[in-house]
Amino acid sequence: SHTRLWGGRFGGGGPSDALTALSRSTHFDWKLAPFDLAGSRAHARVLHRAGLLTDDELAQMLGALHELSAEVAAGTFTAVESDEDVHEALERGLTEKLGTLGGKLRAGRSRNDQIATDLRLYLRHSVRALVGELSSLEYALVGLAERYQDVPAPGMTHLQHAQPVLIAHQLLAHAHAVARDVDRLRDWDRRAAVSPYGSGALAGSSLPLDPDAVAAELGFDRASDNSIDGVSDRDFAAEFCFCAAMVGVHLSRLGEEVVLWTSTEFGWARLDDAWATGSSIMPQKKNPDIAELARGKSGRFVGNLTGLLTMLKGLPLAYDRDLQEDKEPVFDSMEQLLLLLPAVTGMVATLTLRPEVLEAAAPQGFALATDVAEWLVRQGVPFRSAHEISGSMVAFCEQAGLELDQLDDDQLAGIDERLTPEVRSVLSVPGALAARSARGGTAPERVAGQIAALTGLATEH
Ligand code: ARG
């Protein structure tokens with residue numbers, strides 16, 4: 001058909017229906033249209049500066065691109081059946097407005113450098129929104145930690161009671177992970193800020209274009225140094241999918257804790273009604289669906305990364321049509337995160353913790369046994385023996401159905417003569433927390449310091 005970008009050397013019959021159906025990408029690449037149009041405006045200016053468009057032609061071209069942008073935004077110009085991809089559709093739109101002048105814009109560029117540029121523009125733009133959402137989540141986690149700042153809780157390893165911690169310390173552990181995600185995406189942007197425009201199909205252009213001017217106009221730091229790399233590099237897409245998968249894994253781990261904490265067996269937390277769901281048959285149910293969807297969606301983020309890397313593996317340079325498969329995983333990871341994050345943030349921000357339950361559970365499971373061992377070490381006992389002695393104390397208590405702090409002087413001495421009554425000084429949860437006051441510890445002042453630092457970070461984002 002007359003709208004094909006590559007009709008010249010082909011017979012009049014047109015491509016087979018099956019090929020057309022396979023080849024078409026407008027149903028997913030249409031969201032790149034605003035970025036493709038931005039690239040076209042920059043390219044038109046560069047053609048004009050190179051003397052390839054007159055002043056009048058440039059004015060007409062920019063006018064038509066402006067109109068087309070408005071129509072795309074309003075949804076009055078869309079791709080049609082015969083458009084292979086977003087580039088072809090937009091060139092059709094331009095030609096419908098300008099006639100043969102529309103065909104001049106294609107000089108010196110290729111869909112290969114266009115698509116590589118468009119995807120970078122889309123991602124750099126969307127990542128800014130993503131960073132905003134992640135900052136909100138970080139802020140919500142820090143807010144929750146602040147609200148329950150002094151509440152002790154069981155710290156777990158292997159999902160077994162290990163040592164008491166402040167629940168705020170645990171919430172802030174999640175906040176630190178989110179802060180790293182933000183940092184990672186910023187770092188990603190530094191490498192993504194390279195413009196492939198000017199690479200052409202793969203070898204650059206013989207026309208006197210100015211890739212750096214296009215790069216600057218599109219907000220990139222610089223243009224590609226190598227045109228083959230320019231059209232074939234999808235590191236930025238894979239790296240983004242990794243960043244998204246890492247976010248997804250963080251959200252799934254947070255989600256799993258919310259699922260546990262809101263269970264009857266834990267009873268540590270309650271979900272706000274607006275952020276929980278019910279059952280169609282069981283009237284009493286209040287389900288943590290957001291937390292579960294966070295856990296569940298991590299699978300597709302990892303899948304998108306794996307699929308993309310697998311597609312890229314072994315591709316010969318420069319452009320191959322396989323690369324068209326880069327877009328759906330990237331779009332899916334971005335869109336799903338932008339859908340998921342506001343829900344997770346709302347769930348966290350409205351979560352109610354139950355301090356009395358947390359506090360009562362904190363010392364359970366002989367969680368202060370390490371403190372006994374470390375007390376013995378301070379009395380000069382080698383840790384190896386101290387560990388043994390504290391372990392015997394636990395075994396004795398388990399047998400006798402007692403807690404560590406319920407042993408009398410004789411029982412203590414009976415277990416080991418080095419267990420003097422002074423050992424009781426470390427058998428308190430507040431004492432155990434306060435003692436862990438080095439950097440990174442769960443002592444209240446260290447937790448307060450983290451809150452201050454993370455609040456600063458979140459507002460700075
Ligand atoms: N739709 C293509 C893609 O997404 C655009 C580039 C096509 N280039 C080509 N030579 N067929 O990768």
# chains A, B, ... in the order shown; residues from 1 in each chain; ligands from 1

call {"tool": "residues_near_ligand", "arguments": {"ligand": "ligand 1", "cutoff": "12 Å", "atoms": "only C-alpha atoms and all ligand atoms", "output": "ChimeraX atom specification"}}
result
/A:4-6,22-30,32,36,83-89,109-119,200-202,231-234,318-328

call {"tool": "write_last_selection", "arguments": {"atoms": "C-alpha atoms", "output": "PDB file, in the first residue's frame"}}
result
ATOM      1  CA  ARG A   4       4.390   1.418   3.598  1.00  0.00           C
ATOM      2  CA  LEU A   5       7.768   2.868   4.446  1.00  0.00           C
ATOM      3  CA  TRP A   6       9.539   0.260   2.335  1.00  0.00           C
ATOM      4  CA  LEU A  22       2.815 -10.753  13.025  1.00  0.00           C
ATOM      5  CA  SER A  23       4.707  -7.617  12.184  1.00  0.00           C
ATOM      6  CA  ARG A  24       2.289  -5.020  13.501  1.00  0.00           C
ATOM      7  CA  SER A  25       3.256  -3.358  16.764  1.00  0.00           C
ATOM      8  CA  THR A  26       0.957  -0.344  16.982  1.00  0.00           C
ATOM      9  CA  HIS A  27      -1.188  -1.964  19.677  1.00  0.00           C
ATOM     10  CA  PHE A  28       1.734  -1.631  22.084  1.00  0.00           C
ATOM     11  CA  ASP A  29       4.145   0.912  20.620  1.00  0.00           C
ATOM     12  CA  TRP A  30       1.516   3.632  20.251  1.00  0.00           C
ATOM     13  CA  LEU A  32       5.720   5.990  22.184  1.00  0.00           C
ATOM     14  CA  ASP A  36       8.489   9.889  18.460  1.00  0.00           C
ATOM     15  CA  ASP A  83       0.169   0.920   9.849  1.00  0.00           C
ATOM     16  CA  GLU A  84       2.999  -1.427  10.748  1.00  0.00           C
ATOM     17  CA  ASP A  85       4.303   0.545  13.693  1.00  0.00           C
ATOM     18  CA  VAL A  86       4.111   3.899  15.442  1.00  0.00           C
ATOM     19  CA  HIS A  87       6.680   5.443  13.099  1.00  0.00           C
ATOM     20  CA  GLU A  88       4.777   4.456   9.984  1.00  0.00           C
ATOM     21  CA  ALA A  89       1.500   5.687  11.432  1.00  0.00           C
ATOM     22  CA  ARG A 109      17.062   8.846  10.105  1.00  0.00           C
ATOM     23  CA  SER A 110      15.810   5.304  10.323  1.00  0.00           C
ATOM     24  CA  ARG A 111      13.225   3.569  12.409  1.00  0.00           C
ATOM     25  CA  ASN A 112      16.210   1.858  13.990  1.00  0.00           C
ATOM     26  CA  ASP A 113      17.597   4.989  15.612  1.00  0.00           C
ATOM     27  CA  GLN A 114      14.078   6.332  16.114  1.00  0.00           C
ATOM     28  CA  ILE A 115      12.843   3.366  18.119  1.00  0.00           C
ATOM     29  CA  ALA A 116      15.993   3.191  20.229  1.00  0.00           C
ATOM     30  CA  THR A 117      15.571   6.883  21.038  1.00  0.00           C
ATOM     31  CA  ASP A 118      11.820   6.665  21.651  1.00  0.00           C
ATOM     32  CA  LEU A 119      12.161   3.849  24.154  1.00  0.00           C
ATOM     33  CA  GLY A 200      20.515   6.042  11.249  1.00  0.00           C
ATOM     34  CA  ALA A 201      20.020   2.430  10.256  1.00  0.00           C
ATOM     35  CA  LEU A 202      23.409   1.506  11.726  1.00  0.00           C
ATOM     36  CA  VAL A 231      20.797   1.115  17.331  1.00  0.00           C
ATOM     37  CA  SER A 232      21.606  -2.226  18.978  1.00  0.00           C
ATOM     38  CA  ASP A 233      22.171  -1.327  22.631  1.00  0.00           C
ATOM     39  CA  ARG A 234      19.265  -2.307  24.851  1.00  0.00           C
ATOM     40  CA  ALA A 318      23.323  -4.048  14.565  1.00  0.00           C
ATOM     41  CA  TYR A 319      19.526  -3.970  14.355  1.00  0.00           C
ATOM     42  CA  ASP A 320      17.455  -7.148  14.214  1.00  0.00           C
ATOM     43  CA  ARG A 321      13.694  -7.311  14.211  1.00  0.00           C
ATOM     44  CA  ASP A 322      13.891  -9.416  17.354  1.00  0.00           C
ATOM     45  CA  LEU A 323      14.449  -6.091  19.094  1.00  0.00           C
ATOM     46  CA  GLN A 324      10.801  -5.204  18.565  1.00  0.00           C
ATOM     47  CA  GLU A 325      10.161  -7.700  21.374  1.00  0.00           C
ATOM     48  CA  ASP A 326      11.931  -5.378  23.826  1.00  0.00           C
ATOM     49  CA  LYS A 327       8.936  -3.133  24.347  1.00  0.00           C
ATOM     50  CA  GLU A 328       6.225  -5.242  25.943  1.00  0.00           C
TER      51      GLU A 328
END

call {"tool": "atom_distance", "arguments": {"atom1": "CA of Glu146 (chain A)", "atom2": "CA of Glu374 (chain A)"}}
result
29.6 Å

call {"tool": "select_by_dssp", "arguments": {"residues": "region 107-258 of chain A", "states": "helix (DSSP H, G or I)", "output": "PyMOL selection string"}}
result
chain A and resi 111-147+167-192+211-217+227-232+235-258

call {"tool": "write_last_selection", "arguments": {"atoms": "C-alpha atoms", "output": "mmCIF file, in the first residue's frame"}}
result
data_model
loop_
_atom_site.group_PDB
_atom_site.id
_atom_site.type_symbol
_atom_site.label_atom_id
_atom_site.label_comp_id
_atom_site.auth_asym_id
_atom_site.auth_seq_id
_atom_site.Cartn_x
_atom_site.Cartn_y
_atom_site.Cartn_z
ATOM 1 C CA ARG A 111 13.225 3.569 12.409
ATOM 2 C CA ASN A 112 16.210 1.858 13.990
ATOM 3 C CA ASP A 113 17.597 4.989 15.612
ATOM 4 C CA GLN A 114 14.078 6.332 16.114
ATOM 5 C CA ILE A 115 12.843 3.366 18.119
ATOM 6 C CA ALA A 116 15.993 3.191 20.229
ATOM 7 C CA THR A 117 15.571 6.883 21.038
ATOM 8 C CA ASP A 118 11.820 6.665 21.651
ATOM 9 C CA LEU A 119 12.161 3.849 24.154
ATOM 10 C CA ARG A 120 14.849 5.721 26.079
ATOM 11 C CA LEU A 121 12.680 8.858 26.125
ATOM 12 C CA TYR A 122 9.652 6.905 27.324
ATOM 13 C CA LEU A 123 11.626 5.191 30.065
ATOM 14 C CA ARG A 124 13.459 8.284 31.291
ATOM 15 C CA HIS A 125 10.107 10.081 31.453
ATOM 16 C CA SER A 126 8.260 7.250 33.206
ATOM 17 C CA VAL A 127 11.097 6.512 35.607
ATOM 18 C CA ARG A 128 10.621 9.990 37.047
ATOM 19 C CA ALA A 129 7.038 9.038 37.950
ATOM 20 C CA LEU A 130 8.257 5.715 39.312
ATOM 21 C CA VAL A 131 10.824 7.419 41.533
ATOM 22 C CA GLY A 132 8.022 9.638 42.849
ATOM 23 C CA GLU A 133 5.935 6.572 43.749
ATOM 24 C CA LEU A 134 8.888 4.861 45.404
ATOM 25 C CA SER A 135 9.603 7.980 47.442
ATOM 26 C CA SER A 136 5.987 7.988 48.619
ATOM 27 C CA LEU A 137 6.309 4.384 49.730
ATOM 28 C CA GLU A 138 9.554 5.144 51.522
ATOM 29 C CA TYR A 139 7.838 8.049 53.226
ATOM 30 C CA ALA A 140 4.892 5.843 54.289
ATOM 31 C CA LEU A 141 7.240 3.210 55.743
ATOM 32 C CA VAL A 142 9.171 5.830 57.680
ATOM 33 C CA GLY A 143 5.870 7.332 58.863
ATOM 34 C CA LEU A 144 4.684 3.960 60.152
ATOM 35 C CA ALA A 145 8.021 3.424 61.903
ATOM 36 C CA GLU A 146 7.690 6.841 63.523
ATOM 37 C CA ARG A 147 4.167 6.125 64.730
ATOM 38 C CA ILE A 167 9.299 -2.885 65.095
ATOM 39 C CA ALA A 168 10.415 0.476 63.676
ATOM 40 C CA HIS A 169 13.839 -1.027 62.994
ATOM 41 C CA GLN A 170 12.228 -3.723 60.871
ATOM 42 C CA LEU A 171 9.969 -1.268 59.020
ATOM 43 C CA LEU A 172 12.990 0.907 58.307
ATOM 44 C CA ALA A 173 14.811 -2.097 56.859
ATOM 45 C CA HIS A 174 12.118 -2.091 54.165
ATOM 46 C CA ALA A 175 12.491 1.674 53.766
ATOM 47 C CA HIS A 176 16.235 1.316 53.196
ATOM 48 C CA ALA A 177 15.552 -1.214 50.430
ATOM 49 C CA VAL A 178 13.188 1.235 48.735
ATOM 50 C CA ALA A 179 15.739 4.034 49.122
ATOM 51 C CA ARG A 180 18.257 1.845 47.290
ATOM 52 C CA ASP A 181 15.708 1.292 44.515
ATOM 53 C CA VAL A 182 15.408 5.045 44.098
ATOM 54 C CA ASP A 183 19.168 5.395 44.068
ATOM 55 C CA ARG A 184 19.485 2.589 41.519
ATOM 56 C CA LEU A 185 17.006 4.234 39.154
ATOM 57 C CA ARG A 186 18.854 7.554 39.392
ATOM 58 C CA ASP A 187 22.068 5.819 38.577
ATOM 59 C CA TRP A 188 20.300 4.029 35.711
ATOM 60 C CA ASP A 189 19.247 7.371 34.282
ATOM 61 C CA ARG A 190 22.851 8.548 34.022
ATOM 62 C CA ARG A 191 23.612 5.684 31.626
ATOM 63 C CA ALA A 192 20.282 5.948 29.809
ATOM 64 C CA PRO A 211 23.380 14.314 16.680
ATOM 65 C CA ASP A 212 24.520 16.380 19.665
ATOM 66 C CA ALA A 213 21.954 19.088 18.907
ATOM 67 C CA VAL A 214 19.178 16.481 18.748
ATOM 68 C CA ALA A 215 20.462 14.915 21.962
ATOM 69 C CA ALA A 216 20.416 18.269 23.737
ATOM 70 C CA GLU A 217 16.961 19.147 22.479
ATOM 71 C CA SER A 227 26.135 4.248 15.617
ATOM 72 C CA ILE A 228 26.134 0.448 15.638
ATOM 73 C CA ASP A 229 25.933 0.507 19.423
ATOM 74 C CA GLY A 230 23.353 3.281 19.140
ATOM 75 C CA VAL A 231 20.797 1.115 17.331
ATOM 76 C CA SER A 232 21.606 -2.226 18.978
ATOM 77 C CA ASP A 235 21.246 -2.320 28.098
ATOM 78 C CA PHE A 236 19.072 0.524 29.333
ATOM 79 C CA ALA A 237 15.943 -1.604 28.816
ATOM 80 C CA ALA A 238 17.403 -4.683 30.504
ATOM 81 C CA GLU A 239 18.808 -2.601 33.327
ATOM 82 C CA PHE A 240 15.445 -0.962 33.841
ATOM 83 C CA CYS A 241 13.782 -4.392 33.927
ATOM 84 C CA PHE A 242 16.298 -5.430 36.556
ATOM 85 C CA CYS A 243 15.576 -2.317 38.629
ATOM 86 C CA ALA A 244 11.855 -3.088 38.304
ATOM 87 C CA ALA A 245 12.385 -6.730 39.281
ATOM 88 C CA MET A 246 14.389 -5.635 42.315
ATOM 89 C CA VAL A 247 11.557 -3.294 43.342
ATOM 90 C CA GLY A 248 9.146 -6.166 42.779
ATOM 91 C CA VAL A 249 11.176 -8.472 44.993
ATOM 92 C CA HIS A 250 11.276 -5.821 47.725
ATOM 93 C CA LEU A 251 7.528 -5.332 47.499
ATOM 94 C CA SER A 252 6.946 -9.073 47.629
ATOM 95 C CA ARG A 253 9.012 -9.424 50.799
ATOM 96 C CA LEU A 254 7.138 -6.548 52.393
ATOM 97 C CA GLY A 255 3.878 -8.047 51.159
ATOM 98 C CA GLU A 256 4.696 -11.417 52.703
ATOM 99 C CA GLU A 257 5.305 -9.774 56.091
ATOM 100 C CA VAL A 258 1.995 -7.941 55.902
#

call {"tool": "closest_residue", "arguments": {"among": "A:Gln450, A:Thr310, A:Ser333, A:Thr352", "to": "Asp273 (chain A)", "atoms": "only C-alpha atoms"}}
result
A:Thr352

call {"tool": "atom_distance", "arguments": {"atom1": "CA of Cys397 (chain A)", "atom2": "CA of Phe366 (chain A)"}}
result
8.9 Å

call {"tool": "select_by_dssp", "arguments": {"residues": "region 217-439 of chain A", "states": "strand (DSSP E or B)", "output": "ChimeraX atom specification"}}
result
/A:222-223,269-270,277,287,352-353

call {"tool": "residues_around", "arguments": {"residues": "region 354-361 of chain A", "least_positions_apart": "2", "cutoff": "12 Å", "atoms": "only C-alpha atoms", "output": "PyMOL selection string"}}
result
chain A and resi 147-156+160-168+261-262+264-271+351-352+363-367+428-430

call {"tool": "residues_around", "arguments": {"residues": "Thr95 (chain A)", "least_positions_apart": "2", "cutoff": "12 Å", "atoms": "only C-alpha atoms", "output": "PyMOL selection string"}}
result
chain A and resi 2-3+5+60-61+64-65+68+88-93+97-106

call {"tool": "write_last_selection", "arguments": {"atoms": "C-alpha atoms", "output": "PDB file, in the first residue's frame"}}
result
ATOM      1  CA  HIS A   2       1.113   3.601  -0.494  1.00  0.00           C
ATOM      2  CA  THR A   3       1.702   4.129   3.247  1.00  0.00           C
ATOM      3  CA  LEU A   5       7.768   2.868   4.446  1.00  0.00           C
ATOM      4  CA  GLN A  60       5.117  24.024   7.899  1.00  0.00           C
ATOM      5  CA  MET A  61       6.725  20.874   9.246  1.00  0.00           C
ATOM      6  CA  ALA A  64       1.979  19.925  11.180  1.00  0.00           C
ATOM      7  CA  LEU A  65       3.904  18.059  13.908  1.00  0.00           C
ATOM      8  CA  LEU A  68      -0.436  15.880  14.975  1.00  0.00           C
ATOM      9  CA  GLU A  88       4.777   4.456   9.984  1.00  0.00           C
ATOM     10  CA  ALA A  89       1.500   5.687  11.432  1.00  0.00           C
ATOM     11  CA  LEU A  90       2.929   9.086  12.341  1.00  0.00           C
ATOM     12  CA  GLU A  91       4.587   9.507   8.958  1.00  0.00           C
ATOM     13  CA  ARG A  92       1.217   8.751   7.368  1.00  0.00           C
ATOM     14  CA  GLY A  93      -0.324  11.441   9.574  1.00  0.00           C
ATOM     15  CA  LYS A  97      -1.192  17.049   6.276  1.00  0.00           C
ATOM     16  CA  LEU A  98       1.820  18.083   4.184  1.00  0.00           C
ATOM     17  CA  GLY A  99       1.752  15.957   1.053  1.00  0.00           C
ATOM     18  CA  THR A 100       5.214  15.334  -0.375  1.00  0.00           C
ATOM     19  CA  LEU A 101       6.863  17.687   2.119  1.00  0.00           C
ATOM     20  CA  GLY A 102       5.976  15.132   4.814  1.00  0.00           C
ATOM     21  CA  GLY A 103       8.334  12.690   3.104  1.00  0.00           C
ATOM     22  CA  LYS A 104      11.327  14.968   3.676  1.00  0.00           C
ATOM     23  CA  LEU A 105      11.494  14.294   7.385  1.00  0.00           C
ATOM     24  CA  ARG A 106      12.704  10.776   6.845  1.00  0.00           C
TER      25      ARG A 106
END

call {"tool": "closest_residue", "arguments": {"among": "A:Leu62, A:Ile451, A:Val194, A:Ala42", "to": "Asp225 (chain A)", "atoms": "only C-alpha atoms"}}
result
A:Val194

call {"tool": "atom_distance", "arguments": {"atom1": "CA of Leu47 (chain A)", "atom2": "CA of Pro208 (chain A)"}}
result
8.2 Å

call {"tool": "residues_around", "arguments": {"residues": "Ser69 (chain A)", "least_positions_apart": "6", "cutoff": "10 Å", "atoms": "only C-alpha atoms", "output": "PyMOL selection string"}}
result
chain A and resi 33-38+63+75+77+90

call {"tool": "residues_around", "arguments": {"residues": "Leu58 (chain A)", "least_positions_apart": "3", "cutoff": "8 Å", "atoms": "only C-alpha atoms", "output": "PyMOL selection string"}}
result
chain A and resi 44-45+48+53-55+61-62

call {"tool": "write_last_selection", "arguments": {"atoms": "C-alpha atoms", "output": "CSV table (one decimal), in the first residue's frame"}}
result
chain,number,residue,atom,x,y,z
A,44,ALA,CA,13.3,18.7,11.5
A,45,ARG,CA,15.3,21.5,13.1
A,48,HIS,CA,16.8,22.8,8.5
A,53,LEU,CA,14.6,22.2,4.7
A,54,THR,CA,13.9,25.9,3.9
A,55,ASP,CA,12.6,28.2,6.6
A,61,MET,CA,6.7,20.9,9.2
A,62,LEU,CA,6.7,22.1,12.9

call {"tool": "closest_residue", "arguments": {"among": "A:Val447, A:Leu94, A:Leu305, A:Ala18", "to": "Arg41 (chain A)", "atoms": "only C-alpha atoms"}}
result
A:Leu94
